[in-house]
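Trainee: Enclosed is the structure file run-v3.csv (CSV, C-alpha atoms).
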chain,number,residue,atom,x,y,z
A,1,GLN,CA,0.0,0.0,0.0
A,2,LYS,CA,1.3,3.4,-0.9
A,3,GLU,CA,1.8,5.9,1.9
A,4,VAL,CA,-0.4,8.5,0.3
A,5,GLU,CA,-2.9,7.6,-2.4
A,6,GLN,CA,-5.0,9.7,-4.7
A,7,ASN,CA,-7.1,9.0,-7.7
A,8,SER,CA,-5.0,10.1,-10.6
A,9,GLY,CA,-8.1,11.3,-12.6
A,10,PRO,CA,-8.6,13.2,-14.7
A,11,LEU,CA,-11.5,14.6,-12.8
A,12,SER,CA,-13.6,16.8,-15.1
A,13,VAL,CA,-16.2,19.2,-13.8
A,14,PRO,CA,-18.2,22.0,-15.4
A,15,GLU,CA,-17.5,25.6,-14.5
A,16,GLY,CA,-19.3,26.6,-11.3
A,17,ALA,CA,-19.6,23.1,-10.0
A,18,ILE,CA,-18.0,21.6,-6.9
A,19,ALA,CA,-14.8,19.6,-7.4
A,20,SER,CA,-14.1,16.9,-4.8
A,21,LEU,CA,-10.6,15.6,-4.5
A,22,ASN,CA,-9.8,12.7,-2.2
A,23,CYS,CA,-6.7,11.3,-0.5
A,24,THR,CA,-6.0,8.4,1.9
A,25,TYR,CA,-2.8,7.8,3.9
A,26,SER,CA,-1.4,4.9,5.7
A,27,ASP,CA,0.4,6.3,8.7
A,28,ARG,CA,-2.0,6.5,11.6
A,29,VAL,CA,0.1,8.8,13.7
A,30,SER,CA,0.5,11.5,11.0
A,31,GLN,CA,-0.7,14.9,12.2
A,32,SER,CA,-0.1,17.3,9.3
A,33,PHE,CA,-1.8,17.3,6.0
A,34,PHE,CA,-1.6,19.6,3.0
A,35,TRP,CA,-3.0,20.3,-0.4
A,36,TYR,CA,-0.9,21.7,-3.2
A,37,ARG,CA,-1.8,22.8,-6.6
A,38,GLN,CA,0.6,22.3,-9.5
A,39,TYR,CA,0.2,23.8,-12.9
A,40,SER,CA,1.9,22.1,-15.8
A,41,GLY,CA,5.6,23.0,-15.8
A,42,LYS,CA,5.5,24.8,-12.5
A,43,SER,CA,6.4,23.9,-8.9
A,44,PRO,CA,3.7,23.0,-6.4
A,45,GLU,CA,1.9,25.9,-4.6
A,46,LEU,CA,0.5,25.4,-1.1
A,47,ILE,CA,-3.2,26.1,-0.9
A,48,MET,CA,-4.4,24.4,2.3
A,49,SER,CA,-3.0,22.9,5.4
A,50,ILE,CA,-5.1,21.0,8.0
A,51,TYR,CA,-4.1,19.4,11.3
A,52,SER,CA,-7.4,18.7,13.2
A,53,ASN,CA,-10.4,16.5,12.4
A,54,GLY,CA,-13.2,18.4,10.7
A,55,ASP,CA,-13.4,21.0,8.0
A,56,LYS,CA,-11.2,24.0,7.3
A,57,GLU,CA,-12.5,26.7,4.9
A,58,ASP,CA,-10.4,29.2,3.0
A,59,GLY,CA,-12.3,31.1,0.3
A,60,ARG,CA,-13.6,28.6,-2.3
A,61,PHE,CA,-11.5,25.8,-0.8
A,62,THR,CA,-12.5,23.5,2.0
A,63,ALA,CA,-10.2,20.8,3.4
A,64,GLN,CA,-11.8,17.9,5.3
A,65,LEU,CA,-9.8,15.6,7.6
A,66,ASN,CA,-10.9,12.3,9.2
A,67,LYS,CA,-8.0,10.8,11.1
A,68,ALA,CA,-10.0,7.7,12.1
A,69,SER,CA,-10.6,6.9,8.5
A,70,GLN,CA,-7.2,8.2,7.4
A,71,TYR,CA,-8.8,10.3,4.8
A,72,VAL,CA,-8.4,13.9,3.7
A,73,SER,CA,-10.3,15.7,1.0
A,74,LEU,CA,-10.4,19.0,-0.8
A,75,LEU,CA,-13.5,20.6,-2.1
A,76,ILE,CA,-13.4,23.5,-4.6
A,77,ARG,CA,-16.6,25.4,-4.8
A,78,ASP,CA,-17.6,27.4,-7.9
A,79,SER,CA,-14.9,25.8,-9.9
A,80,GLN,CA,-13.2,28.0,-12.5
A,81,PRO,CA,-11.2,27.0,-15.6
A,82,SER,CA,-8.2,28.5,-13.8
A,83,ASP,CA,-8.5,25.8,-11.2
A,84,SER,CA,-7.5,23.3,-13.8
A,85,ALA,CA,-4.3,21.8,-12.5
A,86,THR,CA,-2.9,18.8,-10.7
A,87,TYR,CA,-3.7,18.7,-7.0
A,88,LEU,CA,-1.2,17.0,-4.7
A,89,CYS,CA,-2.1,15.6,-1.3
A,90,ALA,CA,0.8,15.7,1.1
A,91,VAL,CA,1.3,14.1,4.5
A,92,ILE,CA,4.1,14.6,7.1
A,93,LEU,CA,4.8,11.1,8.3
A,94,GLY,CA,4.7,10.4,11.9
A,95,ALA,CA,4.4,13.0,14.6
A,96,GLY,CA,6.8,15.9,14.9
A,97,GLY,CA,8.9,15.1,11.9
A,98,PHE,CA,9.5,17.0,8.6
A,99,LYS,CA,9.5,14.2,6.0
A,100,THR,CA,6.6,14.9,3.6
A,101,ILE,CA,5.2,12.2,1.3
A,102,PHE,CA,3.2,13.3,-1.7
A,103,GLY,CA,0.5,11.5,-3.5
A,104,ALA,CA,0.7,11.1,-7.2
A,105,GLY,CA,-1.8,13.9,-7.7
A,106,THR,CA,-5.2,14.2,-9.2
A,107,ARG,CA,-5.6,16.1,-12.5
A,108,LEU,CA,-8.6,18.4,-12.5
A,109,PHE,CA,-10.2,19.9,-15.6
A,110,VAL,CA,-12.8,22.6,-15.2
A,111,LYS,CA,-14.7,23.0,-18.4
A,112,ALA,CA,-15.9,26.5,-19.4
B,1,GLY,CA,5.2,36.5,-2.3
B,2,ALA,CA,7.7,33.8,-2.9
B,3,VAL,CA,9.5,32.4,0.1
B,4,VAL,CA,11.9,30.1,-1.6
B,5,SER,CA,13.9,31.0,-4.7
B,6,GLN,CA,16.0,28.8,-7.1
B,7,HIS,CA,18.6,29.5,-9.6
B,8,PRO,CA,18.9,28.9,-12.5
B,9,SER,CA,15.3,28.4,-13.6
B,10,TRP,CA,16.5,26.3,-16.5
B,11,VAL,CA,19.8,25.0,-17.8
B,12,ILE,CA,21.0,23.0,-20.8
B,13,CYS,CA,24.3,21.2,-20.6
B,14,LYS,CA,26.4,18.7,-22.3
B,15,SER,CA,26.7,15.1,-21.1
B,16,GLY,CA,29.5,14.7,-18.7
B,17,THR,CA,29.4,18.2,-17.3
B,18,SER,CA,28.3,19.2,-13.8
B,19,VAL,CA,25.5,21.5,-12.9
B,20,LYS,CA,24.9,23.4,-9.7
B,21,ILE,CA,21.5,24.5,-8.6
B,22,GLU,CA,21.0,27.0,-5.8
B,23,CYS,CA,18.0,27.1,-3.4
B,24,ARG,CA,17.5,30.1,-1.1
B,25,SER,CA,15.0,30.7,1.7
B,26,LEU,CA,13.9,34.4,1.6
B,27,ASP,CA,13.5,36.3,4.8
B,28,PHE,CA,13.6,33.2,7.0
B,29,GLN,CA,16.2,30.7,8.1
B,30,ALA,CA,15.8,27.1,7.1
B,31,THR,CA,17.9,24.5,8.9
B,32,THR,CA,16.3,21.9,6.7
B,33,MET,CA,15.6,22.0,3.0
B,34,PHE,CA,14.5,19.3,0.6
B,35,TRP,CA,15.4,18.4,-2.9
B,36,TYR,CA,12.9,16.8,-5.2
B,37,ARG,CA,12.9,15.6,-8.8
B,38,GLN,CA,9.9,15.3,-11.0
B,39,PHE,CA,9.8,13.6,-14.4
B,40,PRO,CA,7.1,14.5,-16.9
B,41,LYS,CA,3.6,13.5,-15.8
B,42,GLN,CA,5.0,11.9,-12.6
B,43,SER,CA,4.8,12.8,-9.0
B,44,LEU,CA,7.4,14.5,-6.9
B,45,MET,CA,10.1,12.2,-5.7
B,46,LEU,CA,12.1,13.2,-2.7
B,47,MET,CA,15.8,12.9,-3.4
B,48,ALA,CA,17.4,14.1,-0.2
B,49,THR,CA,17.0,16.2,2.9
B,50,SER,CA,19.6,18.9,3.3
B,51,ASN,CA,20.6,19.8,6.8
B,52,GLU,CA,22.5,23.0,7.6
B,53,GLY,CA,26.0,22.2,8.9
B,54,SER,CA,25.8,18.5,8.4
B,55,LYS,CA,25.6,15.8,5.8
B,56,ALA,CA,22.5,15.5,3.7
B,57,THR,CA,20.2,12.5,4.1
B,58,TYR,CA,19.6,10.7,0.8
B,59,GLU,CA,16.6,8.6,-0.1
B,60,GLN,CA,17.0,5.1,-1.1
B,61,GLY,CA,18.2,4.7,-4.7
B,62,VAL,CA,19.7,8.3,-4.9
B,63,GLU,CA,23.4,8.3,-5.5
B,64,LYS,CA,25.0,10.7,-3.0
B,65,ASP,CA,28.2,10.9,-5.1
B,66,LYS,CA,26.3,12.0,-8.1
B,67,PHE,CA,23.9,14.4,-6.4
B,68,LEU,CA,26.1,16.5,-4.1
B,69,ILE,CA,24.3,18.6,-1.6
B,70,ASN,CA,25.8,21.4,0.4
B,71,HIS,CA,23.8,23.4,3.0
B,72,ALA,CA,26.5,25.8,4.2
B,73,SER,CA,24.2,28.5,5.5
B,74,LEU,CA,20.8,28.8,7.0
B,75,THR,CA,19.4,30.3,3.8
B,76,LEU,CA,21.2,28.4,1.1
B,77,SER,CA,21.4,24.9,-0.1
B,78,THR,CA,23.0,23.8,-3.3
B,79,LEU,CA,22.5,20.6,-5.4
B,80,THR,CA,25.3,19.7,-7.8
B,81,VAL,CA,24.5,17.1,-10.5
B,82,THR,CA,27.9,15.7,-11.3
B,83,SER,CA,28.8,14.1,-14.7
B,84,ALA,CA,25.2,14.7,-15.9
B,85,HIS,CA,23.7,12.3,-18.4
B,86,PRO,CA,20.6,12.6,-20.5
B,87,GLU,CA,18.7,10.4,-18.0
B,88,ASP,CA,19.3,13.1,-15.4
B,89,SER,CA,17.1,15.6,-17.4
B,90,SER,CA,14.3,16.5,-15.1
B,91,PHE,CA,12.6,19.2,-13.1
B,92,TYR,CA,14.5,19.7,-9.9
B,93,ILE,CA,12.6,21.5,-7.1
B,94,CYS,CA,13.7,22.5,-3.6
B,95,SER,CA,11.6,23.3,-0.6
B,96,ALA,CA,12.0,24.7,2.9
B,97,ILE,CA,9.8,24.5,6.0
B,98,ARG,CA,8.5,27.7,7.4
B,99,GLN,CA,6.2,27.6,10.4
B,100,ASN,CA,5.4,23.9,9.8
B,101,GLU,CA,4.4,24.4,6.2
B,102,GLN,CA,6.6,23.4,3.2
B,103,PHE,CA,7.1,25.9,0.5
B,104,PHE,CA,8.6,25.1,-2.8
B,105,GLY,CA,11.0,27.0,-5.0
B,106,PRO,CA,10.0,27.6,-8.6
B,107,GLY,CA,12.1,24.7,-9.9
B,108,THR,CA,15.0,24.2,-12.2
B,109,ARG,CA,14.5,22.4,-15.5
B,110,LEU,CA,17.6,20.6,-16.4
B,111,THR,CA,18.2,19.3,-19.9
B,112,VAL,CA,21.3,17.2,-20.6
B,113,LEU,CA,22.2,16.8,-24.2
So that I can check it, write out the structure of this file as structure tokens.
Mentor:
Amino acid sequence: QKEVEQNSGPLSVPEGAIASLNCTYSDRVSQSFFWYRQYSGKSPELIMSIYSNGDKEDGRFTAQLNKASQYVSLLIRDSQPSDSATYLCAVILGAGGFKTIFGAGTRLFVKA
Amino acid sequence: GAVVSQHPSWVICKSGTSVKIECRSLDFQATTMFWYRQFPKQSLMLMATSNEGSKATYEQGVEKDKFLINHASLTLSTLTVTSAHPEDSSFYICSAIRQNEQFFGPGTRLTVL
């Protein structure tokens, strides 16, 4: 089992819809979770971090964390064509460390 | 604004030459930086963890004698690809931790002819 798993997609949604991106992780003691957005040919950009169970909202983005299920998700409301990118889920393994493991990424296409 | 810079942003070199890539943390000190490599349409692969004042920690399968890492100051880490070959052509990205969040540099695209 991979340490961080994501559906590679592509996920295609119409403009204005909600895009839902999912991620599961294997290390039960992990405490820090992140979502990055990566445009083609560019480096990843941090868009959300979440550390506690529940929801965390920032603008059109909502991150959801369920440690019992080892599941973290990202919702993008009112999706825009500019949201089309690869979204990387990242987990800092263990508790108190720095080593970050990335999922393979989910490609999102928002159709105008 | 950007918190991590890289230089150069792209480089083309001949096979057998060495290439140095610099990674700088801007306005903060980073005792730990990370070097990643990303091939087209693939995910980020951690190559090594760069530690200020001590030896880098390399991931399994990464040749430490080929990918030399120097972290001589709290704001600068360098990656030198020695005797580069076409299979080393890739997108190299560094990152640094600031307040528990990892920020990436803009990346360096290396093409070895």
Trainee: Give me, as a PyMOL selection string, all polymer residues having an atom no more than 8 Å from Ile101 (chain A), counting all atoms listed in the file and skipping those fewer than 3 positions away in the same chain.
Mentor: chain A and resi 3-4+90-93
Trainee: Report the closest atom pair, with its distance in Å rounded to one decimal, for each residue of chain B that has an atom no farther than 9 Å from chain A; count all atoms listed in the file, sort by chain and then rising residue number, and write it as JSON lines.
Mentor:
{"residue": "B:Thr32", "atom": "CA", "partner": "A:Phe98", "partner_atom": "CA", "distance": 8.6}
{"residue": "B:Phe34", "atom": "CA", "partner": "A:Lys99", "partner_atom": "CA", "distance": 9.0}
{"residue": "B:Pro40", "atom": "CA", "partner": "A:Gly41", "partner_atom": "CA", "distance": 8.7}
{"residue": "B:Lys41", "atom": "CA", "partner": "A:Ser40", "partner_atom": "CA", "distance": 8.8}
{"residue": "B:Gln42", "atom": "CA", "partner": "A:Ala104", "partner_atom": "CA", "distance": 6.9}
{"residue": "B:Ser43", "atom": "CA", "partner": "A:Ala104", "partner_atom": "CA", "distance": 4.8}
{"residue": "B:Leu44", "atom": "CA", "partner": "A:Phe102", "partner_atom": "CA", "distance": 6.8}
{"residue": "B:Met45", "atom": "CA", "partner": "A:Phe102", "partner_atom": "CA", "distance": 8.1}
{"residue": "B:Leu46", "atom": "CA", "partner": "A:Ile101", "partner_atom": "CA", "distance": 8.0}
{"residue": "B:Thr49", "atom": "CA", "partner": "A:Lys99", "partner_atom": "CA", "distance": 8.4}
{"residue": "B:Phe91", "atom": "CA", "partner": "A:Gly41", "partner_atom": "CA", "distance": 8.4}
{"residue": "B:Ile93", "atom": "CA", "partner": "A:Ser43", "partner_atom": "CA", "distance": 6.9}
{"residue": "B:Ile97", "atom": "CA", "partner": "A:Phe98", "partner_atom": "CA", "distance": 7.9}
{"residue": "B:Asn100", "atom": "CA", "partner": "A:Phe98", "partner_atom": "CA", "distance": 8.1}
{"residue": "B:Glu101", "atom": "CA", "partner": "A:Ser49", "partner_atom": "CA", "distance": 7.6}
{"residue": "B:Gln102", "atom": "CA", "partner": "A:Leu46", "partner_atom": "CA", "distance": 7.7}
{"residue": "B:Phe103", "atom": "CA", "partner": "A:Leu46", "partner_atom": "CA", "distance": 6.8}
{"residue": "B:Phe104", "atom": "CA", "partner": "A:Pro44", "partner_atom": "CA", "distance": 6.4}
{"residue": "B:Gly105", "atom": "CA", "partner": "A:Ser43", "partner_atom": "CA", "distance": 6.8}
{"residue": "B:Pro106", "atom": "CA", "partner": "A:Ser43", "partner_atom": "CA", "distance": 5.2}
{"residue": "B:Gly107", "atom": "CA", "partner": "A:Ser43", "partner_atom": "CA", "distance": 5.8}
{"residue": "B:Arg109", "atom": "CA", "partner": "A:Gly41", "partner_atom": "CA", "distance": 8.9}
Trainee: Would you compute the distance between CA of Tyr51 (chain A) and CA of Ser30 (chain A)? Give it in Å to one decimal.
Mentor: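 Interatomic distance here is 9.1 Å.
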Trainee: Could you check how far CA of Thr82 (chain B) sits from CA of Gly53 (chain B), in Å to one decimal?
Mentor: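 If I compute the distance from CA of Thr82 (chain B) to CA of Gly53 (chain B), I get 21.3 Å.
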Trainee: Tell me which of B:Ala96, B:Ile12, B:Asp27, B:Ser50 sits closest to Ile69 (chain B), counting all atoms listed in the file.
Mentor: B:Ser50
